[in-house]
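Student: What follows is data-v5.cif; its format and atoms are mmCIF, N, CA and C atoms.
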```
data_data
#
loop_
_atom_site.label_atom_id
_atom_site.label_comp_id
_atom_site.auth_asym_id
_atom_site.auth_seq_id
_atom_site.Cartn_x
_atom_site.Cartn_y
_atom_site.Cartn_z
N MET A 1 5.43 11.20 -21.90
CA MET A 1 4.59 10.27 -21.15
C MET A 1 4.89 8.85 -21.63
N ARG A 2 4.82 7.93 -20.74
CA ARG A 2 5.10 6.54 -21.06
C ARG A 2 3.98 5.94 -21.91
N SER A 3 4.28 4.82 -22.54
CA SER A 3 3.26 4.14 -23.33
C SER A 3 2.21 3.53 -22.40
N ILE A 4 1.06 3.27 -22.95
CA ILE A 4 -0.04 2.69 -22.16
C ILE A 4 0.37 1.33 -21.60
N MET A 5 1.04 0.53 -22.39
CA MET A 5 1.45 -0.80 -21.90
C MET A 5 2.41 -0.69 -20.72
N ARG A 6 3.36 0.25 -20.80
CA ARG A 6 4.30 0.44 -19.69
C ARG A 6 3.60 0.93 -18.44
N LEU A 7 2.67 1.86 -18.63
CA LEU A 7 1.93 2.38 -17.48
C LEU A 7 1.08 1.27 -16.86
N HIS A 8 0.45 0.50 -17.70
CA HIS A 8 -0.38 -0.61 -17.20
C HIS A 8 0.48 -1.58 -16.38
N LEU A 9 1.65 -1.90 -16.88
CA LEU A 9 2.58 -2.77 -16.16
C LEU A 9 2.98 -2.14 -14.83
N GLN A 10 3.29 -0.85 -14.84
CA GLN A 10 3.70 -0.16 -13.61
C GLN A 10 2.61 -0.24 -12.55
N TYR A 11 1.38 0.02 -12.94
CA TYR A 11 0.28 -0.05 -11.98
C TYR A 11 0.08 -1.47 -11.47
N ARG A 12 0.24 -2.45 -12.33
CA ARG A 12 0.12 -3.84 -11.88
C ARG A 12 1.20 -4.18 -10.86
N LEU A 13 2.41 -3.70 -11.09
CA LEU A 13 3.51 -3.95 -10.15
C LEU A 13 3.27 -3.25 -8.82
N TRP A 14 2.78 -2.02 -8.87
CA TRP A 14 2.46 -1.32 -7.63
C TRP A 14 1.38 -2.06 -6.85
N ILE A 15 0.36 -2.51 -7.53
CA ILE A 15 -0.72 -3.25 -6.87
C ILE A 15 -0.18 -4.54 -6.27
N SER A 16 0.71 -5.20 -6.97
CA SER A 16 1.33 -6.42 -6.46
C SER A 16 2.09 -6.15 -5.16
N ASP A 17 2.86 -5.06 -5.14
CA ASP A 17 3.58 -4.67 -3.92
C ASP A 17 2.61 -4.41 -2.77
N LEU A 18 1.52 -3.73 -3.07
CA LEU A 18 0.53 -3.43 -2.03
C LEU A 18 -0.14 -4.70 -1.52
N ASN A 19 -0.36 -5.66 -2.40
CA ASN A 19 -0.92 -6.94 -1.96
C ASN A 19 0.05 -7.66 -1.01
N ALA A 20 1.33 -7.57 -1.30
CA ALA A 20 2.33 -8.17 -0.41
C ALA A 20 2.33 -7.45 0.95
N ASP A 21 2.12 -6.15 0.92
CA ASP A 21 2.05 -5.38 2.17
C ASP A 21 0.86 -5.83 3.02
N ILE A 22 -0.23 -6.18 2.38
CA ILE A 22 -1.40 -6.68 3.11
C ILE A 22 -1.02 -7.96 3.85
N ASN A 23 -0.31 -8.83 3.18
CA ASN A 23 0.14 -10.07 3.84
C ASN A 23 1.05 -9.78 5.02
N THR A 24 1.94 -8.82 4.86
CA THR A 24 2.83 -8.43 5.96
C THR A 24 2.02 -7.93 7.14
N LEU A 25 1.04 -7.09 6.88
CA LEU A 25 0.20 -6.56 7.97
C LEU A 25 -0.58 -7.68 8.65
N ARG A 26 -1.02 -8.67 7.90
CA ARG A 26 -1.72 -9.81 8.50
C ARG A 26 -0.80 -10.59 9.45
N ILE A 27 0.43 -10.77 9.02
CA ILE A 27 1.41 -11.47 9.87
C ILE A 27 1.67 -10.67 11.14
N PHE A 28 1.86 -9.35 10.99
CA PHE A 28 2.07 -8.51 12.16
C PHE A 28 0.86 -8.54 13.09
N ASP A 29 -0.32 -8.53 12.53
CA ASP A 29 -1.54 -8.59 13.34
C ASP A 29 -1.61 -9.90 14.13
N ASP A 30 -1.27 -11.00 13.47
CA ASP A 30 -1.24 -12.29 14.17
C ASP A 30 -0.24 -12.25 15.33
N TYR A 31 0.92 -11.66 15.07
CA TYR A 31 1.95 -11.56 16.09
C TYR A 31 1.48 -10.69 17.27
N LEU A 32 0.85 -9.57 16.96
CA LEU A 32 0.31 -8.71 18.02
C LEU A 32 -0.70 -9.46 18.88
N ASN A 33 -1.57 -10.23 18.22
CA ASN A 33 -2.58 -10.98 18.96
C ASN A 33 -1.93 -12.04 19.87
N GLU A 34 -0.88 -12.68 19.39
CA GLU A 34 -0.17 -13.64 20.23
C GLU A 34 0.47 -12.96 21.43
N LEU A 35 1.05 -11.80 21.21
CA LEU A 35 1.70 -11.08 22.29
C LEU A 35 0.69 -10.59 23.34
N LYS A 36 -0.48 -10.19 22.89
CA LYS A 36 -1.51 -9.70 23.81
C LYS A 36 -1.95 -10.77 24.79
N GLU A 37 -1.83 -12.03 24.40
CA GLU A 37 -2.24 -13.13 25.26
C GLU A 37 -1.22 -13.43 26.36
N LYS A 38 -0.02 -12.89 26.22
CA LYS A 38 1.02 -13.11 27.22
C LYS A 38 0.87 -12.10 28.34
N ASN A 39 1.45 -12.41 29.45
CA ASN A 39 1.41 -11.52 30.61
C ASN A 39 2.51 -10.47 30.44
N LEU A 40 2.16 -9.33 29.84
CA LEU A 40 3.15 -8.30 29.53
C LEU A 40 2.95 -7.08 30.43
N LYS A 41 3.99 -6.32 30.54
CA LYS A 41 3.94 -5.08 31.33
C LYS A 41 3.03 -4.07 30.64
N ALA A 42 2.48 -3.17 31.43
CA ALA A 42 1.52 -2.17 30.94
C ALA A 42 2.11 -1.30 29.83
N ASP A 43 3.38 -0.91 29.97
CA ASP A 43 3.98 -0.05 28.95
C ASP A 43 4.13 -0.77 27.61
N LEU A 44 4.40 -2.07 27.68
CA LEU A 44 4.51 -2.84 26.44
C LEU A 44 3.13 -3.04 25.81
N LEU A 45 2.12 -3.26 26.63
CA LEU A 45 0.75 -3.39 26.11
C LEU A 45 0.31 -2.09 25.43
N LYS A 46 0.72 -0.97 26.02
CA LYS A 46 0.41 0.34 25.42
C LYS A 46 1.10 0.47 24.06
N GLN A 47 2.33 0.00 23.99
CA GLN A 47 3.08 0.04 22.72
C GLN A 47 2.40 -0.86 21.67
N LEU A 48 1.94 -2.03 22.09
CA LEU A 48 1.25 -2.94 21.16
C LEU A 48 -0.04 -2.31 20.65
N LYS A 49 -0.75 -1.64 21.54
CA LYS A 49 -1.98 -0.96 21.13
C LYS A 49 -1.68 0.13 20.12
N SER A 50 -0.60 0.86 20.33
CA SER A 50 -0.19 1.91 19.40
C SER A 50 0.12 1.32 18.02
N TYR A 51 0.87 0.22 18.00
CA TYR A 51 1.16 -0.43 16.71
C TYR A 51 -0.12 -0.93 16.05
N ASN A 52 -1.00 -1.49 16.82
CA ASN A 52 -2.26 -1.98 16.27
C ASN A 52 -3.02 -0.83 15.59
N GLU A 53 -3.07 0.33 16.24
CA GLU A 53 -3.74 1.49 15.66
C GLU A 53 -3.04 1.97 14.40
N GLN A 54 -1.71 1.98 14.43
CA GLN A 54 -0.95 2.39 13.24
C GLN A 54 -1.17 1.42 12.08
N PHE A 55 -1.18 0.13 12.39
CA PHE A 55 -1.41 -0.87 11.34
C PHE A 55 -2.81 -0.74 10.76
N THR A 56 -3.79 -0.47 11.61
CA THR A 56 -5.16 -0.29 11.13
C THR A 56 -5.24 0.93 10.20
N GLY A 57 -4.60 2.01 10.61
CA GLY A 57 -4.61 3.22 9.78
C GLY A 57 -3.91 3.04 8.46
N ILE A 58 -2.76 2.40 8.50
CA ILE A 58 -2.01 2.22 7.26
C ILE A 58 -2.69 1.21 6.34
N ARG A 59 -3.40 0.24 6.93
CA ARG A 59 -4.14 -0.72 6.11
C ARG A 59 -5.28 -0.03 5.38
N LYS A 60 -5.96 0.88 6.06
CA LYS A 60 -7.04 1.63 5.41
C LYS A 60 -6.49 2.44 4.25
N GLU A 61 -5.39 3.12 4.50
CA GLU A 61 -4.74 3.90 3.45
C GLU A 61 -4.29 3.02 2.29
N LEU A 62 -3.72 1.87 2.62
CA LEU A 62 -3.26 0.92 1.61
C LEU A 62 -4.44 0.48 0.73
N ASP A 63 -5.56 0.13 1.37
CA ASP A 63 -6.73 -0.31 0.62
C ASP A 63 -7.24 0.78 -0.34
N GLU A 64 -7.24 2.01 0.13
CA GLU A 64 -7.69 3.12 -0.71
C GLU A 64 -6.75 3.33 -1.89
N LEU A 65 -5.45 3.30 -1.62
CA LEU A 65 -4.46 3.49 -2.67
C LEU A 65 -4.53 2.35 -3.69
N ARG A 66 -4.64 1.15 -3.20
CA ARG A 66 -4.73 0.00 -4.10
C ARG A 66 -5.98 0.09 -4.96
N HIS A 67 -7.10 0.51 -4.38
CA HIS A 67 -8.34 0.66 -5.14
C HIS A 67 -8.19 1.72 -6.23
N GLU A 68 -7.60 2.86 -5.88
CA GLU A 68 -7.36 3.91 -6.87
C GLU A 68 -6.50 3.39 -8.02
N MET A 69 -5.46 2.65 -7.66
CA MET A 69 -4.55 2.14 -8.69
C MET A 69 -5.23 1.10 -9.57
N HIS A 70 -6.08 0.31 -8.96
CA HIS A 70 -6.81 -0.69 -9.74
C HIS A 70 -7.74 0.01 -10.74
N LEU A 71 -8.41 1.06 -10.31
CA LEU A 71 -9.28 1.80 -11.23
C LEU A 71 -8.48 2.41 -12.37
N THR A 72 -7.31 2.96 -12.05
CA THR A 72 -6.47 3.54 -13.09
C THR A 72 -5.98 2.46 -14.05
N LYS A 73 -5.61 1.33 -13.50
CA LYS A 73 -5.17 0.21 -14.36
C LYS A 73 -6.29 -0.18 -15.32
N MET A 74 -7.52 -0.19 -14.82
CA MET A 74 -8.66 -0.54 -15.67
C MET A 74 -8.90 0.54 -16.73
N LYS A 75 -8.72 1.81 -16.36
CA LYS A 75 -8.85 2.90 -17.34
C LYS A 75 -7.82 2.72 -18.45
N LEU A 76 -6.61 2.39 -18.06
CA LEU A 76 -5.56 2.19 -19.06
C LEU A 76 -5.90 1.05 -19.99
N GLY A 77 -6.45 -0.03 -19.43
CA GLY A 77 -6.86 -1.16 -20.27
C GLY A 77 -7.92 -0.75 -21.27
N ALA A 78 -8.90 0.01 -20.81
CA ALA A 78 -9.97 0.46 -21.70
C ALA A 78 -9.43 1.46 -22.73
N LEU A 79 -8.57 2.34 -22.27
CA LEU A 79 -8.00 3.34 -23.16
C LEU A 79 -7.14 2.71 -24.26
N SER A 80 -6.48 1.62 -23.93
CA SER A 80 -5.61 0.96 -24.92
C SER A 80 -6.39 0.42 -26.12
N LYS A 81 -7.68 0.29 -25.96
CA LYS A 81 -8.52 -0.25 -27.04
C LYS A 81 -9.08 0.84 -27.95
N THR A 82 -8.73 2.10 -27.70
CA THR A 82 -9.23 3.19 -28.53
C THR A 82 -8.16 3.64 -29.52
N ASN A 83 -8.59 4.32 -30.55
CA ASN A 83 -7.66 4.80 -31.57
C ASN A 83 -6.83 5.98 -31.10
N GLU A 84 -7.36 6.76 -30.20
CA GLU A 84 -6.68 7.96 -29.71
C GLU A 84 -5.99 7.72 -28.36
N ALA A 85 -5.63 6.51 -28.10
CA ALA A 85 -5.14 6.11 -26.78
C ALA A 85 -3.97 6.96 -26.29
N GLU A 86 -2.94 7.06 -27.06
CA GLU A 86 -1.73 7.76 -26.62
C GLU A 86 -1.98 9.24 -26.34
N LYS A 87 -2.89 9.85 -27.08
CA LYS A 87 -3.18 11.27 -26.89
C LYS A 87 -3.99 11.54 -25.63
N ASN A 88 -4.74 10.55 -25.17
CA ASN A 88 -5.66 10.75 -24.05
C ASN A 88 -5.13 10.26 -22.70
N ILE A 89 -3.92 9.76 -22.68
CA ILE A 89 -3.38 9.21 -21.42
C ILE A 89 -3.35 10.27 -20.32
N GLU A 90 -2.80 11.42 -20.62
CA GLU A 90 -2.65 12.44 -19.58
C GLU A 90 -3.98 12.95 -19.06
N LYS A 91 -5.02 12.92 -19.88
CA LYS A 91 -6.35 13.33 -19.43
C LYS A 91 -7.00 12.25 -18.57
N ALA A 92 -6.67 11.01 -18.84
CA ALA A 92 -7.33 9.88 -18.17
C ALA A 92 -6.74 9.57 -16.80
N ILE A 93 -5.43 9.78 -16.65
CA ILE A 93 -4.78 9.42 -15.38
C ILE A 93 -3.85 10.53 -14.93
N ASN A 94 -3.46 10.47 -13.68
CA ASN A 94 -2.48 11.40 -13.14
C ASN A 94 -1.30 10.59 -12.61
N TYR A 95 -0.48 10.13 -13.50
CA TYR A 95 0.62 9.24 -13.17
C TYR A 95 1.57 9.85 -12.15
N LYS A 96 1.94 11.10 -12.33
CA LYS A 96 2.91 11.72 -11.43
C LYS A 96 2.38 11.75 -10.00
N ALA A 97 1.12 12.12 -9.84
CA ALA A 97 0.53 12.16 -8.50
C ALA A 97 0.44 10.75 -7.91
N ASP A 98 0.05 9.78 -8.73
CA ASP A 98 -0.03 8.40 -8.26
C ASP A 98 1.34 7.88 -7.84
N LYS A 99 2.34 8.21 -8.62
CA LYS A 99 3.71 7.78 -8.30
C LYS A 99 4.16 8.38 -6.97
N GLU A 100 3.87 9.66 -6.75
CA GLU A 100 4.23 10.30 -5.49
C GLU A 100 3.50 9.70 -4.31
N LYS A 101 2.21 9.41 -4.48
CA LYS A 101 1.43 8.77 -3.41
C LYS A 101 2.04 7.41 -3.06
N TYR A 102 2.38 6.66 -4.10
CA TYR A 102 2.95 5.33 -3.90
C TYR A 102 4.30 5.43 -3.18
N LYS A 103 5.18 6.33 -3.65
CA LYS A 103 6.49 6.47 -3.03
C LYS A 103 6.37 6.92 -1.58
N ASP A 104 5.45 7.83 -1.30
CA ASP A 104 5.23 8.29 0.07
C ASP A 104 4.74 7.15 0.95
N PHE A 105 3.80 6.37 0.43
CA PHE A 105 3.29 5.23 1.18
C PHE A 105 4.41 4.23 1.46
N ARG A 106 5.23 3.93 0.45
CA ARG A 106 6.33 2.97 0.61
C ARG A 106 7.27 3.41 1.73
N LYS A 107 7.61 4.68 1.76
CA LYS A 107 8.52 5.19 2.79
C LYS A 107 7.92 5.00 4.18
N ARG A 108 6.67 5.39 4.33
CA ARG A 108 6.05 5.31 5.65
C ARG A 108 5.83 3.86 6.06
N PHE A 109 5.44 3.00 5.13
CA PHE A 109 5.24 1.59 5.44
C PHE A 109 6.56 0.94 5.83
N SER A 110 7.60 1.24 5.09
CA SER A 110 8.93 0.69 5.37
C SER A 110 9.41 1.14 6.75
N ARG A 111 9.25 2.40 7.06
CA ARG A 111 9.67 2.94 8.35
C ARG A 111 8.90 2.25 9.49
N LEU A 112 7.59 2.10 9.33
CA LEU A 112 6.77 1.46 10.36
C LEU A 112 7.15 0.00 10.56
N THR A 113 7.37 -0.73 9.48
CA THR A 113 7.72 -2.15 9.62
C THR A 113 9.10 -2.32 10.25
N LYS A 114 10.05 -1.48 9.88
CA LYS A 114 11.39 -1.56 10.49
C LYS A 114 11.32 -1.27 11.98
N GLU A 115 10.55 -0.26 12.33
CA GLU A 115 10.38 0.10 13.74
C GLU A 115 9.74 -1.05 14.51
N PHE A 116 8.72 -1.64 13.93
CA PHE A 116 8.02 -2.75 14.59
C PHE A 116 8.93 -3.96 14.79
N LYS A 117 9.74 -4.25 13.79
CA LYS A 117 10.64 -5.40 13.87
C LYS A 117 11.70 -5.22 14.95
N LYS A 118 12.02 -3.99 15.29
CA LYS A 118 13.02 -3.71 16.32
C LYS A 118 12.46 -3.82 17.72
N MET A 119 11.14 -3.87 17.83
CA MET A 119 10.50 -3.90 19.15
C MET A 119 10.95 -5.13 19.92
N GLU A 120 11.32 -4.92 21.15
CA GLU A 120 11.76 -6.01 22.01
C GLU A 120 10.62 -6.42 22.92
N VAL A 121 10.34 -7.71 22.93
CA VAL A 121 9.28 -8.24 23.79
C VAL A 121 9.87 -9.12 24.85
#
```
Since I need it in another form, could you write the structure as structure tokens?
Tutor:
Amino acid sequence: MRSIMRLHLQYRLWISDLNADINTLRIFDDYLNELKEKNLKADLLKQLKSYNEQFTGIRKELDELRHEMHLTKMKLGALSKTNEAEKNIEKAINYKADKEKYKDFRKRFSRLTKEFKKMEV
């Protein structure tokens, strides 16, 4: 298992990436709103609505994941102040599961953003 300081750093970096994703979603949302104001064909409006729903869903998931990671980061900070810190890491957090959740989210977010950027208006 990694040291508490390394794990704390890893969670901070993951949270930072998720914060950047929030900004990306805000930009996409602004763009969707601008497009909705234009006189677009029905099929394109349907596509915009679909993206809006996907962005809403992924934002909810992002917020939940970021919250979980923040709590874990705080646990690591508290744990680092105890004498038995290194022995209790595996009981306090589930790094492997968190890493898998993060990697899965990254793949899906990346796929969605690439798909959205290819959309022709």
Student: Measuring between all atoms listed in the file, which one of A:Arg26, A:Lys60, A:His70, A:Lys75 shows the shortest distance to Tyr11 in chain A?
Tutor: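 Using all atoms listed in the file, the shortest distance to Tyr11 in chain A belongs to A:His70.
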Student: Between CA of Ile89 in chain A and CA of Arg59 in chain A, what is the distance in Å, rounded to a tenth?
Tutor: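 These two atoms are separated by 29.3 Å.
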Student: Leaving out Lys36 in chain A and any residue of its chain fewer than 5 positions from it, which residues lie within 8 Å of it when counting all atoms listed in the file, given as a ChimeraX atom specification?
Tutor: /A:30-31,45,48
Student: Name the residues captured by the PyMOL selection byres ((chain A and resi 64-69) around 8) when it is applied to the shown file; answer as an MDAnalysis selection string.
Tutor: chainID A and resid 11:12 14:15 18:19 58:63 70:75 98 101:102
Student: Any chance you could export the current selection's N, CA and C atoms as a compact mmCIF listing (two decimals), in the coordinates of the input?
Tutor:
```txt
# COMPACT_ATOMS: atom_id res chain seq x y z
N TYR A 11 1.38 0.02 -12.94
CA TYR A 11 0.28 -0.05 -11.98
C TYR A 11 0.08 -1.47 -11.47
N ARG A 12 0.24 -2.45 -12.33
CA ARG A 12 0.12 -3.84 -11.88
C ARG A 12 1.20 -4.18 -10.86
N TRP A 14 2.78 -2.02 -8.87
CA TRP A 14 2.46 -1.32 -7.63
C TRP A 14 1.38 -2.06 -6.85
N ILE A 15 0.36 -2.51 -7.53
CA ILE A 15 -0.72 -3.25 -6.87
C ILE A 15 -0.18 -4.54 -6.27
N LEU A 18 1.52 -3.73 -3.07
CA LEU A 18 0.53 -3.43 -2.03
C LEU A 18 -0.14 -4.70 -1.52
N ASN A 19 -0.36 -5.66 -2.40
CA ASN A 19 -0.92 -6.94 -1.96
C ASN A 19 0.05 -7.66 -1.01
N ILE A 58 -2.76 2.40 8.50
CA ILE A 58 -2.01 2.22 7.26
C ILE A 58 -2.69 1.21 6.34
N ARG A 59 -3.40 0.24 6.93
CA ARG A 59 -4.14 -0.72 6.11
C ARG A 59 -5.28 -0.03 5.38
N LYS A 60 -5.96 0.88 6.06
CA LYS A 60 -7.04 1.63 5.41
C LYS A 60 -6.49 2.44 4.25
N GLU A 61 -5.39 3.12 4.50
CA GLU A 61 -4.74 3.90 3.45
C GLU A 61 -4.29 3.02 2.29
N LEU A 62 -3.72 1.87 2.62
CA LEU A 62 -3.26 0.92 1.61
C LEU A 62 -4.44 0.48 0.73
N ASP A 63 -5.56 0.13 1.37
CA ASP A 63 -6.73 -0.31 0.62
C ASP A 63 -7.24 0.78 -0.34
N HIS A 70 -6.08 0.31 -8.96
CA HIS A 70 -6.81 -0.69 -9.74
C HIS A 70 -7.74 0.01 -10.74
N LEU A 71 -8.41 1.06 -10.31
CA LEU A 71 -9.28 1.80 -11.23
C LEU A 71 -8.48 2.41 -12.37
N THR A 72 -7.31 2.96 -12.05
CA THR A 72 -6.47 3.54 -13.09
C THR A 72 -5.98 2.46 -14.05
N LYS A 73 -5.61 1.33 -13.50
CA LYS A 73 -5.17 0.21 -14.36
C LYS A 73 -6.29 -0.18 -15.32
N MET A 74 -7.52 -0.19 -14.82
CA MET A 74 -8.66 -0.54 -15.67
C MET A 74 -8.90 0.54 -16.73
N LYS A 75 -8.72 1.81 -16.36
CA LYS A 75 -8.85 2.90 -17.34
C LYS A 75 -7.82 2.72 -18.45
N ASP A 98 0.05 9.78 -8.73
CA ASP A 98 -0.03 8.40 -8.26
C ASP A 98 1.34 7.88 -7.84
N LYS A 101 2.21 9.41 -4.48
CA LYS A 101 1.43 8.77 -3.41
C LYS A 101 2.04 7.41 -3.06
N TYR A 102 2.38 6.66 -4.10
CA TYR A 102 2.95 5.33 -3.90
C TYR A 102 4.30 5.43 -3.18
```
Student: Have a look at atom C of Gln47 in chain A and CA of Ala20 in chain A and let me know their distance in Å, one decimal.
Tutor: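 Interatomic distance, atom C of Gln47 in chain A to CA of Ala20 in chain A: 23.3 Å.
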Student: Can you measure CA of Arg111 in chain A to CA of Phe55 in chain A for me? One decimal in Å is fine.
Tutor: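 Straight-line distance from CA of Arg111 in chain A to CA of Phe55 in chain A works out to 12.1 Å.
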Student: Could you tell me which residues the PyMOL selection byres (((chain A and resi 112 and name CA) around 12) and name CA) returns for this structure, as a count of residues only?
Tutor: 27
Student: Please give the centre and size of the box around range 22-37 of chain A (axis-aligned, containing every atom listed in the file, 3 Å added per side), with values in Å to one decimal and written as AutoDock Vina command-line options.
Tutor:
```
--center_x 0.1 --center_y -9.9 --center_z 14.4 --size_x 11.4 --size_y 13.5 --size_z 30.0
```
